[in-house]
$ cat query-v9.tsv   # TSV, C-alpha atoms
chain	number	residue	atom	x	y	z
A	18	MET	CA	208.29	103.47	148.59
A	19	LYS	CA	207.19	104.98	145.29
A	20	VAL	CA	206.63	108.68	144.76
A	21	VAL	CA	204.81	110.66	142.07
A	22	PHE	CA	205.91	114.28	141.80
A	23	PHE	CA	203.80	116.89	140.04
A	24	ASP	CA	204.66	120.31	138.71
A	25	LEU	CA	202.18	122.96	139.89
A	26	ASP	CA	201.52	125.55	137.18
A	27	ASP	CA	199.75	124.18	134.10
A	28	THR	CA	200.02	120.66	135.47
A	29	LEU	CA	197.81	120.78	138.55
A	30	LEU	CA	196.50	124.33	138.09
A	31	LYS	CA	195.14	126.07	134.99
A	32	SER	CA	197.75	128.79	135.41
A	33	LYS	CA	197.77	130.07	131.84
A	34	GLU	CA	194.01	130.59	132.00
A	35	ILE	CA	194.23	132.09	135.47
A	36	ASN	CA	197.05	134.44	134.43
A	37	PHE	CA	195.13	135.60	131.36
A	38	ASN	CA	192.11	136.37	133.55
A	39	ILE	CA	194.35	138.24	135.98
A	40	PHE	CA	195.78	140.39	133.19
A	41	ASP	CA	192.22	141.07	132.06
A	42	LYS	CA	191.32	142.17	135.61
A	43	ILE	CA	194.38	144.44	135.76
A	44	LYS	CA	193.45	145.96	132.39
A	45	ASN	CA	189.94	146.70	133.69
A	46	LEU	CA	191.35	148.02	136.96
A	47	LEU	CA	193.34	150.53	134.93
A	48	GLY	CA	190.21	151.50	132.99
A	49	LEU	CA	191.66	150.49	129.63
A	50	ASN	CA	189.35	149.66	126.75
A	51	ILE	CA	191.80	147.58	124.74
A	52	ASP	CA	192.27	143.97	123.72
A	53	THR	CA	193.48	141.86	126.64
A	54	LYS	CA	196.07	140.05	124.51
A	55	ASP	CA	197.59	143.39	123.46
A	56	PHE	CA	197.65	144.57	127.07
A	57	LEU	CA	199.20	141.29	128.21
A	58	ARG	CA	202.09	141.65	125.74
A	59	THR	CA	202.75	145.26	126.70
A	60	PHE	CA	202.45	144.70	130.44
A	61	ARG	CA	204.66	141.61	130.36
A	62	THR	CA	207.32	143.68	128.57
A	63	ILE	CA	207.08	146.30	131.32
A	64	LEU	CA	207.30	143.66	134.04
A	65	ARG	CA	210.23	141.79	132.50
A	66	LYS	CA	212.23	144.95	131.83
A	67	ASN	CA	211.86	146.10	135.43
A	68	MET	CA	212.52	142.64	136.80
A	69	LEU	CA	215.86	142.62	134.98
A	70	ARG	CA	216.57	146.12	136.29
A	71	TYR	CA	215.71	145.61	139.97
A	72	ALA	CA	215.95	141.87	140.68
A	73	ASP	CA	218.97	139.68	141.33
A	74	TYR	CA	219.08	138.01	137.92
A	75	PRO	CA	221.30	134.96	138.72
A	76	ILE	CA	219.20	133.94	141.74
A	77	ASN	CA	215.85	134.61	140.11
A	78	ASP	CA	216.89	132.75	136.98
A	79	LEU	CA	217.91	129.75	139.10
A	80	VAL	CA	214.51	129.61	140.83
A	81	GLY	CA	212.54	130.20	137.62
A	82	LEU	CA	210.88	133.41	138.76
A	83	ASP	CA	208.12	134.78	136.54
A	84	SER	CA	208.03	138.58	136.36
A	85	ILE	CA	204.39	138.65	137.46
A	86	ASP	CA	205.47	136.83	140.64
A	87	LEU	CA	207.33	139.94	141.79
A	88	LEU	CA	204.17	141.99	141.35
A	89	MET	CA	202.36	139.60	143.69
A	90	VAL	CA	205.03	139.38	146.37
A	91	ASN	CA	204.00	141.28	149.48
A	92	ASP	CA	206.54	140.23	152.11
A	93	ASP	CA	210.21	141.15	151.96
A	94	TYR	CA	211.90	139.44	149.03
A	95	LYS	CA	215.65	139.61	149.49
A	96	PHE	CA	216.51	138.90	145.86
A	97	ALA	CA	214.91	142.07	144.47
A	98	ASP	CA	214.39	145.73	145.26
A	99	LEU	CA	210.61	145.34	145.38
A	100	ILE	CA	209.83	148.97	146.14
A	101	SER	CA	211.81	150.25	143.16
A	102	PHE	CA	210.44	147.47	140.96
A	103	LYS	CA	206.81	148.27	141.76
A	104	ASN	CA	207.31	152.03	141.55
A	105	SER	CA	208.94	151.69	138.15
A	106	VAL	CA	206.15	149.42	136.88
A	107	VAL	CA	203.57	152.02	137.89
A	108	LYS	CA	205.63	154.79	136.29
A	109	ASP	CA	205.79	152.83	133.01
A	110	LEU	CA	202.05	152.10	133.06
A	111	LYS	CA	201.29	155.79	133.55
A	112	SER	CA	203.66	156.74	130.74
A	113	VAL	CA	202.46	154.15	128.22
A	114	TYR	CA	198.72	154.50	128.83
A	115	LYS	CA	198.55	158.16	129.96
A	116	ILE	CA	196.51	157.30	133.05
A	117	VAL	CA	196.17	158.47	136.64
A	118	LEU	CA	196.76	155.59	139.02
A	119	ASP	CA	196.12	155.11	142.73
A	120	GLU	CA	199.19	153.01	143.49
A	121	TYR	CA	198.07	151.71	146.88
A	122	LYS	CA	194.70	150.57	145.59
A	123	PHE	CA	196.35	149.09	142.52
A	124	PHE	CA	198.74	146.89	144.45
A	125	ASP	CA	196.13	145.90	147.05
A	126	GLU	CA	193.86	144.69	144.25
A	127	ILE	CA	196.69	142.73	142.66
A	128	LEU	CA	197.52	141.02	145.96
A	129	ASN	CA	193.86	139.95	146.17
A	130	MET	CA	194.21	138.35	142.74
A	131	ARG	CA	196.51	135.73	144.23
A	132	ASN	CA	193.31	134.13	145.50
A	133	ASP	CA	192.40	133.28	141.90
A	134	TYR	CA	194.87	130.38	141.77
A	135	SER	CA	192.33	127.73	142.68
A	136	LEU	CA	191.27	126.38	139.29
A	137	HIS	CA	192.41	122.77	138.93
A	138	ILE	CA	193.07	121.03	135.65
A	139	ASP	CA	190.25	118.54	135.16
A	140	GLY	CA	190.70	115.28	137.04
A	141	MET	CA	194.08	116.08	138.60
A	142	ARG	CA	192.89	116.34	142.18
A	143	GLU	CA	190.99	113.08	141.77
A	144	LEU	CA	194.14	111.50	140.31
A	145	ILE	CA	196.14	112.48	143.40
A	146	VAL	CA	193.49	110.95	145.67
A	147	TYR	CA	193.51	107.76	143.57
A	148	LEU	CA	197.31	107.50	143.68
A	149	LYS	CA	197.36	107.92	147.44
A	150	GLU	CA	194.78	105.16	147.75
A	151	GLN	CA	197.17	102.94	145.77
A	152	GLY	CA	199.83	103.59	148.40
A	153	TYR	CA	201.96	106.06	146.44
A	154	LYS	CA	203.44	109.16	148.04
A	155	ILE	CA	202.72	112.46	146.29
A	156	GLY	CA	204.94	115.51	145.94
A	157	ILE	CA	204.82	118.94	144.30
A	158	ILE	CA	207.98	120.40	142.77
A	159	THR	CA	207.48	123.93	141.49
A	160	ASN	CA	209.63	126.84	140.38
A	161	GLY	CA	208.87	130.37	141.51
A	162	ALA	CA	208.82	132.84	144.38
A	163	SER	CA	208.21	131.11	147.71
A	164	GLU	CA	205.43	133.40	148.89
A	165	VAL	CA	203.45	133.22	145.66
A	166	GLN	CA	203.82	129.48	145.05
A	167	HIS	CA	202.89	128.53	148.61
A	168	ILE	CA	199.79	130.77	148.38
A	169	LYS	CA	198.79	129.02	145.15
A	170	ILE	CA	199.12	125.62	146.83
A	171	ASP	CA	196.99	126.74	149.78
A	172	LYS	CA	194.32	128.46	147.68
A	173	ALA	CA	194.01	125.33	145.55
A	174	ASN	CA	193.61	123.20	148.71
A	175	LEU	CA	196.50	120.97	147.71
A	176	ARG	CA	198.69	121.11	150.82
A	177	ASP	CA	196.61	118.62	152.80
A	178	ILE	CA	196.51	115.95	150.09
A	179	VAL	CA	200.22	115.81	149.20
A	180	ASP	CA	203.14	114.49	151.20
A	181	TYR	CA	205.97	116.72	150.00
A	182	ILE	CA	206.22	120.28	148.71
A	183	TYR	CA	209.36	121.77	147.19
A	184	VAL	CA	209.33	125.38	145.98
A	185	SER	CA	212.51	126.52	144.23
A	186	GLY	CA	212.41	129.90	145.95
A	187	ASP	CA	212.93	128.15	149.29
A	188	PHE	CA	216.25	126.70	148.13
A	189	LYS	CA	217.80	129.26	145.74
A	190	MET	CA	217.80	126.61	143.01
A	191	GLY	CA	215.13	125.00	140.88
A	192	LYS	CA	214.24	122.70	138.01
A	193	PRO	CA	215.98	121.46	135.86
A	194	ASP	CA	219.10	121.77	138.05
A	195	LEU	CA	220.28	118.25	138.91
A	196	LYS	CA	221.32	119.45	142.37
A	197	PHE	CA	217.70	120.40	143.03
A	198	TYR	CA	216.31	117.06	141.91
A	199	LYS	CA	218.97	115.07	143.78
A	200	MET	CA	218.41	117.10	146.94
A	201	ILE	CA	214.69	116.30	146.78
A	202	LEU	CA	215.24	112.60	146.15
A	203	ASP	CA	217.67	112.41	149.06
A	204	ASP	CA	215.32	114.36	151.32
A	205	VAL	CA	212.38	112.10	150.51
A	206	GLY	CA	214.56	108.99	150.65
A	207	VAL	CA	213.38	107.50	147.39
A	208	LYS	CA	215.40	105.90	144.60
A	209	PRO	CA	215.19	107.82	141.31
A	210	THR	CA	213.80	104.71	139.58
A	211	ASN	CA	210.96	104.58	142.12
A	212	SER	CA	209.86	108.11	141.33
A	213	ILE	CA	208.03	109.84	138.51
A	214	MET	CA	208.08	113.54	137.59
A	215	ILE	CA	205.03	114.91	135.75
A	216	GLY	CA	204.95	118.36	134.22
A	217	ASP	CA	204.25	120.55	131.22
A	218	ASN	CA	207.76	121.95	130.72
A	219	LEU	CA	209.93	119.79	128.46
A	220	VAL	CA	213.25	120.94	129.92
A	221	ASN	CA	212.39	121.65	133.55
A	222	ASP	CA	210.04	118.75	134.24
A	223	TYR	CA	210.80	116.07	131.68
A	224	LEU	CA	214.43	116.22	130.59
A	225	GLY	CA	215.62	117.46	133.97
A	226	ALA	CA	213.97	114.54	135.73
A	227	LEU	CA	215.32	112.02	133.21
A	228	ALA	CA	218.81	113.44	133.72
A	229	ALA	CA	218.40	112.80	137.44
A	230	GLY	CA	217.57	109.15	136.73
A	231	MET	CA	213.86	109.52	137.44
A	232	ASN	CA	210.94	108.38	135.34
A	233	ALA	CA	209.15	111.27	133.65
A	234	ILE	CA	205.88	111.96	131.86
A	235	TYR	CA	205.42	115.06	129.74
A	236	PHE	CA	201.95	116.47	130.37
A	237	GLY	CA	200.77	117.83	127.06
A	238	LYS	CA	201.12	117.40	123.32
A	239	TYR	CA	204.71	118.23	122.45
A	240	LYS	CA	205.37	118.68	118.74
A	241	ASP	CA	209.11	118.89	118.29
A	242	ASN	CA	212.18	116.78	117.64
A	243	TYR	CA	212.08	114.97	120.98
A	244	LYS	CA	210.86	111.53	121.92
A	245	THR	CA	208.73	111.92	125.03
A	246	LEU	CA	206.38	109.82	127.10
A	247	ASN	CA	203.24	111.92	126.81
A	248	ALA	CA	199.91	112.13	128.55
A	249	THR	CA	197.27	114.74	127.83
A	250	SER	CA	194.70	114.00	130.55
A	251	SER	CA	194.44	112.67	134.08
A	252	ASP	CA	193.12	109.35	132.74
A	253	GLU	CA	196.12	108.96	130.45
A	254	LEU	CA	198.43	109.85	133.32
A	255	LYS	CA	196.86	107.18	135.51
A	256	LYS	CA	197.53	104.54	132.85
A	257	GLU	CA	201.14	105.64	132.31
A	258	ILE	CA	201.89	105.82	136.04
A	259	ASN	CA	200.50	102.34	136.65
A	260	LYS	CA	202.44	101.03	133.65
A	261	ILE	CA	205.73	102.50	134.92
A	262	PHE	CA	205.33	101.21	138.45
A	263	SER	CA	204.17	97.77	137.32
A	264	ASN	CA	207.48	97.12	135.57
$ encode --input "query-v9.tsv" --output "structure tokens"
Amino acid sequence: MKVVFFDLDDTLLKSKEINFNIFDKIKNLLGLNIDTKDFLRTFRTILRKNMLRYADYPINDLVGLDSIDLLMVNDDYKFADLISFKNSVVKDLKSVYKIVLDEYKFFDEILNMRNDYSLHIDGMRELIVYLKEQGYKIGIITNGASEVQHIKIDKANLRDIVDYIYVSGDFKMGKPDLKFYKMILDDVGVKPTNSIMIGDNLVNDYLGALAAGMNAIYFGKYKDNYKTLNATSSDELKKEINKIFSN
């Protein structure tokens, strides 16, 4: 058996683009007539500060939680005081922008924005279908809050076309932790050399997978002092995957 694992955000989904659009929606929801990039920087600062204040840092660091994830969590999340986190975020927004804010409407609208995670990177869904036709098993390995990442997978209609899904928040550990990778390989029952990890994060997806003895492909143009096997499109990935598994 041979398995191809994909990262989710910015590997299968256009998460950076989606997140930017979400911040733009939040800015408009608040009635702010400012540059979206400026708002994004300020709001991310507010989110990160309050995440560090109200979330369990060691656990959330292990699972690779993004501060915006906490804003989009609706169910009970045992590794953070969500009520205090959200109340403090609203308090900071009111203080910084001198606005009146309907908190209930605000958070309801943000929860609806989780539906926006459905924009695939060009050709990636087709690549998965092709790989399955070649007899390969397909997995997703993603860091983040369980609730949010599973919603992204469902909204992007990915669950039915992959064989394995591993979300760090389900296990209290994540990429690039070797224990996480080894647990997944053991669970799937595949040899590291018969697996490939594909992702856009040099440390989490590429170096972490190599350390676990897996093959790895960095998805993107990485300009730094590292030698990486790169692919910048689904077509390039197809070639590299076939080359690795033909050896």
$ closest_residue --input "query-v9.tsv" --among "A:Asn174, A:Asn264, A:Thr210, A:Asn36" --to "Ile127 of chain A" --atoms "only C-alpha atoms"
A:Asn36
$ residues_around --input "query-v9.tsv" --residues "Tyr134 of chain A" --least-positions-apart "3" --cutoff "7 Å" --atoms "only C-alpha atoms" --output "CSV table (one decimal) with C-alpha atoms, keeping the file's coordinate frame"
chain,number,residue,atom,x,y,z
A,35,ILE,CA,194.2,132.1,135.5
A,131,ARG,CA,196.5,135.7,144.2
A,169,LYS,CA,198.8,129.0,145.2
A,172,LYS,CA,194.3,128.5,147.7
A,173,ALA,CA,194.0,125.3,145.6
$ closest_residue --input "query-v9.tsv" --among "A:Val205, A:Ala233, A:Leu25, A:Asn242" --to "Leu175 of chain A" --atoms "only C-alpha atoms"
A:Leu25
$ closest_residue --input "query-v9.tsv" --among "A:Gly48, A:Gly237, A:Gly186, A:Gly152" --to "Met18 of chain A" --atoms "all atoms listed in the file"
A:Gly152
$ atom_distance --input "query-v9.tsv" --atom1 "atom CA of Asp187 of chain A" --atom2 "atom CA of Ser163 of chain A"
5.8 Å
$ closest_residue --input "query-v9.tsv" --among "A:Val220, A:Leu144, A:Ile168, A:Val107" --to "Leu64 of chain A" --atoms "all atoms listed in the file"
A:Val107
$ closest_residue --input "query-v9.tsv" --among "A:Ser185, A:Thr249, A:Thr53, A:Asn38" --to "His167 of chain A" --atoms "all atoms listed in the file"
A:Ser185
$ atom_distance --input "query-v9.tsv" --atom1 "atom CA of Met89 of chain A" --atom2 "atom CA of Tyr235 of chain A"
28.4 Å
$ closest_atom_pairs --input "query-v9.tsv" --of "segment 122-158 of chain A" --to "segment 191-203 of chain A" --cutoff "12 Å" --atoms "all atoms listed in the file" --output "Markdown table"
| residue | atom | partner | partner_atom | distance |
| --- | --- | --- | --- | --- |
| A:Gly156 | CA | A:Ile201 | CA | 9.8 |
| A:Ile157 | CA | A:Ile201 | CA | 10.5 |
| A:Ile158 | CA | A:Lys192 | CA | 8.2 |
$ closest_residue --input "query-v9.tsv" --among "A:Ala226, A:Leu110, A:Leu88, A:Ile234" --to "Ile63 of chain A" --atoms "only C-alpha atoms"
A:Leu110
$ atom_distance --input "query-v9.tsv" --atom1 "atom CA of Lys66 of chain A" --atom2 "atom CA of Ser84 of chain A"
8.9 Å
$ residues_around --input "query-v9.tsv" --residues "Ser250 of chain A" --least-positions-apart "5" --cutoff "9 Å" --atoms "only C-alpha atoms" --output "ChimeraX atom specification"
/A:138-141,236-237,255
$ axis_aligned_box --input "query-v9.tsv" --around "segment 245-256 of chain A" --padding-each-side "6 Å" --output "lines of an AutoDock Vina configuration file"
center_x = 200.9
center_y = 109.6
center_z = 130.3
size_x = 27.6
size_y = 22.2
size_z = 22.5
$ residues_near_point --input "query-v9.tsv" --point "(191.0, 150.4, 144.2)" --cutoff "12 Å" --atoms "all atoms listed in the file" --output "compact mmCIF listing (two decimals) with C-alpha atoms, in the frame of the given file"
# COMPACT_ATOMS: atom_id res chain seq x y z
CA LYS A 42 191.32 142.17 135.61
CA ILE A 43 194.38 144.44 135.76
CA ASN A 45 189.94 146.70 133.69
CA LEU A 46 191.35 148.02 136.96
CA LEU A 47 193.34 150.53 134.93
CA GLY A 48 190.21 151.50 132.99
CA LEU A 118 196.76 155.59 139.02
CA ASP A 119 196.12 155.11 142.73
CA GLU A 120 199.19 153.01 143.49
CA TYR A 121 198.07 151.71 146.88
CA LYS A 122 194.70 150.57 145.59
CA PHE A 123 196.35 149.09 142.52
CA PHE A 124 198.74 146.89 144.45
CA ASP A 125 196.13 145.90 147.05
CA GLU A 126 193.86 144.69 144.25
CA ILE A 127 196.69 142.73 142.66
CA LEU A 128 197.52 141.02 145.96
CA ASN A 129 193.86 139.95 146.17
$ residues_near_point --input "query-v9.tsv" --point "(203.4, 107.4, 124.0)" --cutoff "10 Å" --atoms "all atoms listed in the file" --output "MDAnalysis selection string"
chainID A and resid 234:235 244:248 253 257
$ residues_around --input "query-v9.tsv" --residues "Ile155 of chain A" --least-positions-apart "4" --cutoff "10 Å" --atoms "all atoms listed in the file" --output "VMD selection string"
chain A and resid 19 to 23 145 to 146 148 to 149 178 to 182 212 to 213
